[in-house]
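Participant: Here's a structure for you.
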Amino acid sequence: MTGAGQRAGARAARRLAEIGGFVMRPGLSEREFGRIEAEYGIEFADDHRAFLAAGLPVGSASPPEEGASARQPWVDWRDGDPADIRDRLSWPVEGLLFSVEHGWWYGDAWGPRPSEPERAVAVARGELATVPQLIPVYSHRYLPPGRGAYGHPVLSVSGADIICYGRDLWDYVAREFVGWDAAEGDASDVPPSVPFWADLVS
């Protein structure tokens, strides 16, 4: 882990702790990171890794509002349901496949769209198998993967509707949990730094 990436993740974790209101567990250990990355075939970016090493957020300290979903927006990487974690990891690609199936989106670089929805989805699934797998931070906010990398913008992903939701992890924490104006500037003016997904950011 790079020193700069470690500092960036720790700074974001301190910001979250200052905001408060979350159930926090001890941070993930190196052994736990190794197990998680092997089990799910992922690799956390350095700042994301340092953020989770400083403390593992697993929920809100406040009781859920009436009628709210029981599903927690934080990922419990230590004790969470593996099926739920895999579902969260697959969400960005599955959302795009849903958009392809319903004719709302198709990759420009994939050639002409097949007329049959099933064939279009099959082509899209093959193409999307080669793109970087985004890693969930909170709800449908994601960071790119990659050891040795840090400072990526946090992406809000909903099908083919993708926006920058924070200039980096610290900026994201402020915008998500304090308010959009809690950080300086407009997160949308930061170019995403991950192949393929950067082309979808609006």
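Going through the structure tokens in order, the chains are called A, B, and so on, while each chain numbers its residues from 1 and the ligands are numbered from 1 in the order shown.
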Quick one: residues within 9 Å of Ser139 in chain A, only C-alpha atoms counted, chain neighbours fewer than 2 positions away excluded, as a PyMOL selection string?
Facilitator: chain A and resi 72-75+88+136-137+141-142+156
Participant: With N, CA and C atoms kept, could you save the residues just selected as a compact mmCIF listing (two decimals), in the first residue's frame?
Facilitator:
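Saved file selection.txt follows:
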```
# COMPACT_ATOMS: atom_id res chain seq x y z
N GLN A 72 -28.71 -3.10 4.70
CA GLN A 72 -27.82 -2.03 5.09
C GLN A 72 -27.05 -1.52 3.88
N PRO A 73 -26.89 -0.21 3.75
CA PRO A 73 -26.14 0.31 2.60
C PRO A 73 -24.64 0.05 2.68
N TRP A 74 -24.09 -0.08 3.91
CA TRP A 74 -22.68 -0.42 4.04
C TRP A 74 -22.48 -1.89 3.75
N VAL A 75 -21.32 -2.25 3.23
CA VAL A 75 -20.96 -3.65 3.00
C VAL A 75 -20.24 -4.17 4.23
N ARG A 88 -23.86 -7.25 -4.61
CA ARG A 88 -23.42 -5.86 -4.63
C ARG A 88 -22.28 -5.66 -5.63
N PRO A 136 -18.05 -1.86 -4.17
CA PRO A 136 -18.99 -0.99 -3.46
C PRO A 136 -18.36 -0.34 -2.23
N VAL A 137 -18.71 0.93 -2.03
CA VAL A 137 -18.32 1.67 -0.84
C VAL A 137 -19.53 1.78 0.08
N ARG A 141 -22.74 3.43 -4.49
CA ARG A 141 -21.52 4.22 -4.73
C ARG A 141 -20.34 3.25 -4.79
N TYR A 142 -19.50 3.46 -5.79
CA TYR A 142 -18.43 2.49 -6.06
C TYR A 142 -17.08 3.18 -6.30
N SER A 156 -21.36 7.02 -8.58
CA SER A 156 -22.71 6.58 -8.27
C SER A 156 -23.22 5.85 -9.50
```
Participant: Excluding Arg78 in chain A and residues on its chain fewer than 2 positions from it, collect all residues at most 9 Å away from it, counting only C-alpha atoms, and give them as a list in words.
Facilitator: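 Neighbouring residues, sequence-local ones excluded: Leu28, Glu32, Ile36, Leu56, Val75, Asp76 and Gly80 of chain A.
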Participant: Once DSSP has gone over the backbone, tell me which residues of range 17-60 of chain A are in strand (DSSP E), as a PyMOL selection string.
Facilitator: chain A and resi 22-25+56-60
Participant: Could you name the residues that touch range 162-175 of chain A at 10 Å or less, counting only C-alpha atoms, but leaving out those on the same chain fewer than 4 positions away, as a ChimeraX atom specification?
Facilitator: /A:8-16,19,47-48,51,92,137-138,141-143,150-158,179-192,197-202
Participant: Keeping only C-alpha atoms, write those residues as a tab-separated table (two decimals), in the first residue's frame.
Facilitator:
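As a result, again_28.tsv now contains:
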```tsv
chain	number	residue	atom	x	y	z
A	8	ALA	CA	-5.89	9.40	1.94
A	9	GLY	CA	-7.95	6.47	3.20
A	10	ALA	CA	-7.21	7.20	6.84
A	11	ARG	CA	-8.21	10.85	6.32
A	12	ALA	CA	-11.57	9.77	4.86
A	13	ALA	CA	-12.10	7.38	7.78
A	14	ARG	CA	-11.42	10.19	10.27
A	15	ARG	CA	-13.95	12.36	8.44
A	16	LEU	CA	-16.58	9.63	8.74
A	19	ILE	CA	-19.59	12.93	11.29
A	47	ASP	CA	-7.27	4.43	-0.07
A	48	HIS	CA	-10.33	2.15	0.06
A	51	PHE	CA	-10.43	3.38	4.95
A	92	PRO	CA	-22.91	-2.34	-11.94
A	137	VAL	CA	-18.32	1.67	-0.84
A	138	TYR	CA	-21.88	2.47	0.29
A	141	ARG	CA	-21.52	4.22	-4.73
A	142	TYR	CA	-18.43	2.49	-6.06
A	143	LEU	CA	-14.66	2.82	-6.31
A	150	TYR	CA	-5.74	5.78	-4.90
A	151	GLY	CA	-7.58	9.07	-5.29
A	152	HIS	CA	-10.19	7.76	-7.73
A	153	PRO	CA	-13.48	9.66	-7.91
A	154	VAL	CA	-16.34	7.77	-6.25
A	155	LEU	CA	-18.97	6.78	-8.80
A	156	SER	CA	-22.71	6.58	-8.27
A	157	VAL	CA	-23.87	3.71	-10.47
A	158	SER	CA	-27.44	2.99	-11.52
A	179	GLY	CA	-24.32	17.52	2.16
A	180	TRP	CA	-23.28	18.24	-1.40
A	181	ASP	CA	-21.98	21.67	-0.42
A	182	ALA	CA	-19.85	20.31	2.44
A	183	ALA	CA	-16.93	19.84	0.04
A	184	GLU	CA	-15.33	22.34	-2.30
A	185	GLY	CA	-16.17	22.52	-5.98
A	186	ASP	CA	-18.34	20.33	-8.11
A	187	ALA	CA	-17.51	16.63	-8.14
A	188	SER	CA	-18.84	16.32	-11.69
A	189	ASP	CA	-15.90	18.27	-13.10
A	190	VAL	CA	-13.38	15.56	-12.14
A	191	PRO	CA	-12.58	13.10	-14.94
A	192	PRO	CA	-13.07	9.49	-13.81
A	197	TRP	CA	-16.70	3.30	-16.72
A	198	ALA	CA	-15.19	6.73	-17.37
A	199	ASP	CA	-16.90	6.77	-20.77
A	200	LEU	CA	-20.33	6.35	-19.17
A	201	VAL	CA	-20.05	9.18	-16.67
A	202	SER	CA	-22.46	12.00	-17.42
```
Participant: Excluding Ser90 in chain A and any residue of its chain fewer than 4 positions from it, enumerate the residues within 9 Å of it, using only C-alpha atoms, and give them as a list in words.
Facilitator: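 Residues near the query, excluding close chain neighbours: Ile85, Arg86, Glu94, Gly95, Gln133 and Leu134 of chain A.
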Participant: Name the residues in contact with range 39-46 of chain A at a cut-off of 6 Å, using only C-alpha atoms, excluding same-chain residues fewer than 2 positions from it; report them as number ranges by chain.
Facilitator: A: 1, 5, 35-37, 48-49, 145-150
Participant: Emit the selected residues as a PDB file, in the first residue's frame, including C-alpha atoms.
Facilitator:
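Wrote it out as selection.pdb, contents follow:
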```pdb
ATOM      1  CA  MET A   1       0.000   0.000   0.000  1.00  0.00           C
ATOM      2  CA  GLY A   5      -2.976   6.054  -0.508  1.00  0.00           C
ATOM      3  CA  ARG A  35      -9.341 -13.692   2.557  1.00  0.00           C
ATOM      4  CA  ILE A  36     -11.861 -11.203   1.165  1.00  0.00           C
ATOM      5  CA  GLU A  37      -9.857 -10.414  -1.960  1.00  0.00           C
ATOM      6  CA  HIS A  48     -10.328   2.150   0.063  1.00  0.00           C
ATOM      7  CA  ARG A  49      -8.213  -0.454   1.832  1.00  0.00           C
ATOM      8  CA  PRO A 145     -10.097  -1.537  -7.833  1.00  0.00           C
ATOM      9  CA  GLY A 146      -6.338  -1.811  -7.921  1.00  0.00           C
ATOM     10  CA  ARG A 147      -3.472  -2.139  -5.482  1.00  0.00           C
ATOM     11  CA  GLY A 148      -1.114   0.807  -5.782  1.00  0.00           C
ATOM     12  CA  ALA A 149      -3.932   3.126  -6.927  1.00  0.00           C
ATOM     13  CA  TYR A 150      -5.745   5.779  -4.901  1.00  0.00           C
TER      14      TYR A 150
END
```
Participant: Would you mind listing what lies within 12 Å of range 116-127 of chain A as an MDAnalysis selection string, with only C-alpha atoms counted and same-chain residues fewer than 6 positions away left out?
Facilitator: chainID A and resid 90 92:110 196
Participant: Taking the backbone alone, and naming residues the way the document does, which bits of range 34-200 of chain A are helix (DSSP H, G or I) by DSSP, as a ChimeraX atom specification?
Facilitator: /A:34-40,46-54,82-101,108-110,117-128,169-177,180-182,187-189,197-200
Participant: Quick one: write out the picked residues with C-alpha atoms as a PDB file, in the first residue's frame?
Facilitator:
```pdb
ATOM      1  CA  GLY A  34      -6.360 -11.405   1.949  1.00  0.00           C
ATOM      2  CA  ARG A  35      -9.341 -13.692   2.557  1.00  0.00           C
ATOM      3  CA  ILE A  36     -11.861 -11.203   1.165  1.00  0.00           C
ATOM      4  CA  GLU A  37      -9.857 -10.414  -1.960  1.00  0.00           C
ATOM      5  CA  ALA A  38      -9.290 -14.123  -2.660  1.00  0.00           C
ATOM      6  CA  GLU A  39     -12.907 -15.102  -2.004  1.00  0.00           C
ATOM      7  CA  TYR A  40     -14.442 -12.429  -4.210  1.00  0.00           C
ATOM      8  CA  ASP A  46      -5.059   1.672  -1.480  1.00  0.00           C
ATOM      9  CA  ASP A  47      -7.267   4.427  -0.069  1.00  0.00           C
ATOM     10  CA  HIS A  48     -10.328   2.150   0.063  1.00  0.00           C
ATOM     11  CA  ARG A  49      -8.213  -0.454   1.832  1.00  0.00           C
ATOM     12  CA  ALA A  50      -6.896   2.063   4.397  1.00  0.00           C
ATOM     13  CA  PHE A  51     -10.435   3.385   4.946  1.00  0.00           C
ATOM     14  CA  LEU A  52     -11.674  -0.104   5.850  1.00  0.00           C
ATOM     15  CA  ALA A  53      -8.570  -0.845   7.922  1.00  0.00           C
ATOM     16  CA  ALA A  54      -9.246   2.202  10.103  1.00  0.00           C
ATOM     17  CA  PRO A  82     -21.515 -13.743   0.830  1.00  0.00           C
ATOM     18  CA  ALA A  83     -24.481 -13.890  -1.570  1.00  0.00           C
ATOM     19  CA  ASP A  84     -25.356 -10.285  -0.733  1.00  0.00           C
ATOM     20  CA  ILE A  85     -21.756  -9.166  -1.207  1.00  0.00           C
ATOM     21  CA  ARG A  86     -21.571 -10.923  -4.578  1.00  0.00           C
ATOM     22  CA  ASP A  87     -24.838  -9.266  -5.551  1.00  0.00           C
ATOM     23  CA  ARG A  88     -23.423  -5.856  -4.632  1.00  0.00           C
ATOM     24  CA  LEU A  89     -20.281  -6.566  -6.652  1.00  0.00           C
ATOM     25  CA  SER A  90     -22.313  -7.629  -9.690  1.00  0.00           C
ATOM     26  CA  TRP A  91     -24.746  -4.682  -9.528  1.00  0.00           C
ATOM     27  CA  PRO A  92     -22.906  -2.338 -11.941  1.00  0.00           C
ATOM     28  CA  VAL A  93     -22.676  -4.935 -14.723  1.00  0.00           C
ATOM     29  CA  GLU A  94     -26.144  -6.373 -14.092  1.00  0.00           C
ATOM     30  CA  GLY A  95     -27.584  -2.873 -14.237  1.00  0.00           C
ATOM     31  CA  LEU A  96     -26.013  -2.312 -17.638  1.00  0.00           C
ATOM     32  CA  LEU A  97     -27.280  -5.688 -18.883  1.00  0.00           C
ATOM     33  CA  PHE A  98     -30.783  -4.708 -17.771  1.00  0.00           C
ATOM     34  CA  SER A  99     -30.442  -1.486 -19.760  1.00  0.00           C
ATOM     35  CA  VAL A 100     -29.253  -3.445 -22.804  1.00  0.00           C
ATOM     36  CA  GLU A 101     -32.139  -5.915 -22.522  1.00  0.00           C
ATOM     37  CA  ASP A 108     -20.800   2.191 -28.939  1.00  0.00           C
ATOM     38  CA  ALA A 109     -17.587   0.188 -29.330  1.00  0.00           C
ATOM     39  CA  TRP A 110     -19.404  -3.131 -29.622  1.00  0.00           C
ATOM     40  CA  PRO A 117     -32.641  -8.565 -27.105  1.00  0.00           C
ATOM     41  CA  GLU A 118     -31.245 -11.943 -26.034  1.00  0.00           C
ATOM     42  CA  ARG A 119     -28.405 -11.697 -28.527  1.00  0.00           C
ATOM     43  CA  ALA A 120     -27.691  -8.096 -27.542  1.00  0.00           C
ATOM     44  CA  VAL A 121     -27.456  -9.147 -23.888  1.00  0.00           C
ATOM     45  CA  ALA A 122     -25.150 -12.046 -24.790  1.00  0.00           C
ATOM     46  CA  VAL A 123     -22.790  -9.723 -26.674  1.00  0.00           C
ATOM     47  CA  ALA A 124     -22.897  -7.194 -23.838  1.00  0.00           C
ATOM     48  CA  ARG A 125     -22.209  -9.857 -21.209  1.00  0.00           C
ATOM     49  CA  GLY A 126     -19.115 -10.986 -23.097  1.00  0.00           C
ATOM     50  CA  GLU A 127     -17.835  -7.429 -23.478  1.00  0.00           C
ATOM     51  CA  LEU A 128     -18.542  -6.513 -19.862  1.00  0.00           C
ATOM     52  CA  LEU A 169     -12.991   9.172  -0.948  1.00  0.00           C
ATOM     53  CA  TRP A 170     -12.720  12.067   1.531  1.00  0.00           C
ATOM     54  CA  ASP A 171     -14.742  14.371  -0.698  1.00  0.00           C
ATOM     55  CA  TYR A 172     -17.347  11.649  -1.168  1.00  0.00           C
ATOM     56  CA  VAL A 173     -17.776  11.085   2.590  1.00  0.00           C
ATOM     57  CA  ALA A 174     -18.420  14.802   3.100  1.00  0.00           C
ATOM     58  CA  ARG A 175     -20.926  15.038   0.229  1.00  0.00           C
ATOM     59  CA  GLU A 176     -22.823  11.846   1.100  1.00  0.00           C
ATOM     60  CA  PHE A 177     -23.130  12.296   4.844  1.00  0.00           C
ATOM     61  CA  TRP A 180     -23.276  18.242  -1.399  1.00  0.00           C
ATOM     62  CA  ASP A 181     -21.983  21.671  -0.421  1.00  0.00           C
ATOM     63  CA  ALA A 182     -19.847  20.311   2.438  1.00  0.00           C
ATOM     64  CA  ALA A 187     -17.514  16.628  -8.141  1.00  0.00           C
ATOM     65  CA  SER A 188     -18.843  16.318 -11.685  1.00  0.00           C
ATOM     66  CA  ASP A 189     -15.904  18.267 -13.102  1.00  0.00           C
ATOM     67  CA  TRP A 197     -16.700   3.299 -16.719  1.00  0.00           C
ATOM     68  CA  ALA A 198     -15.192   6.725 -17.369  1.00  0.00           C
ATOM     69  CA  ASP A 199     -16.900   6.769 -20.770  1.00  0.00           C
ATOM     70  CA  LEU A 200     -20.329   6.352 -19.168  1.00  0.00           C
TER      71      LEU A 200
END
```
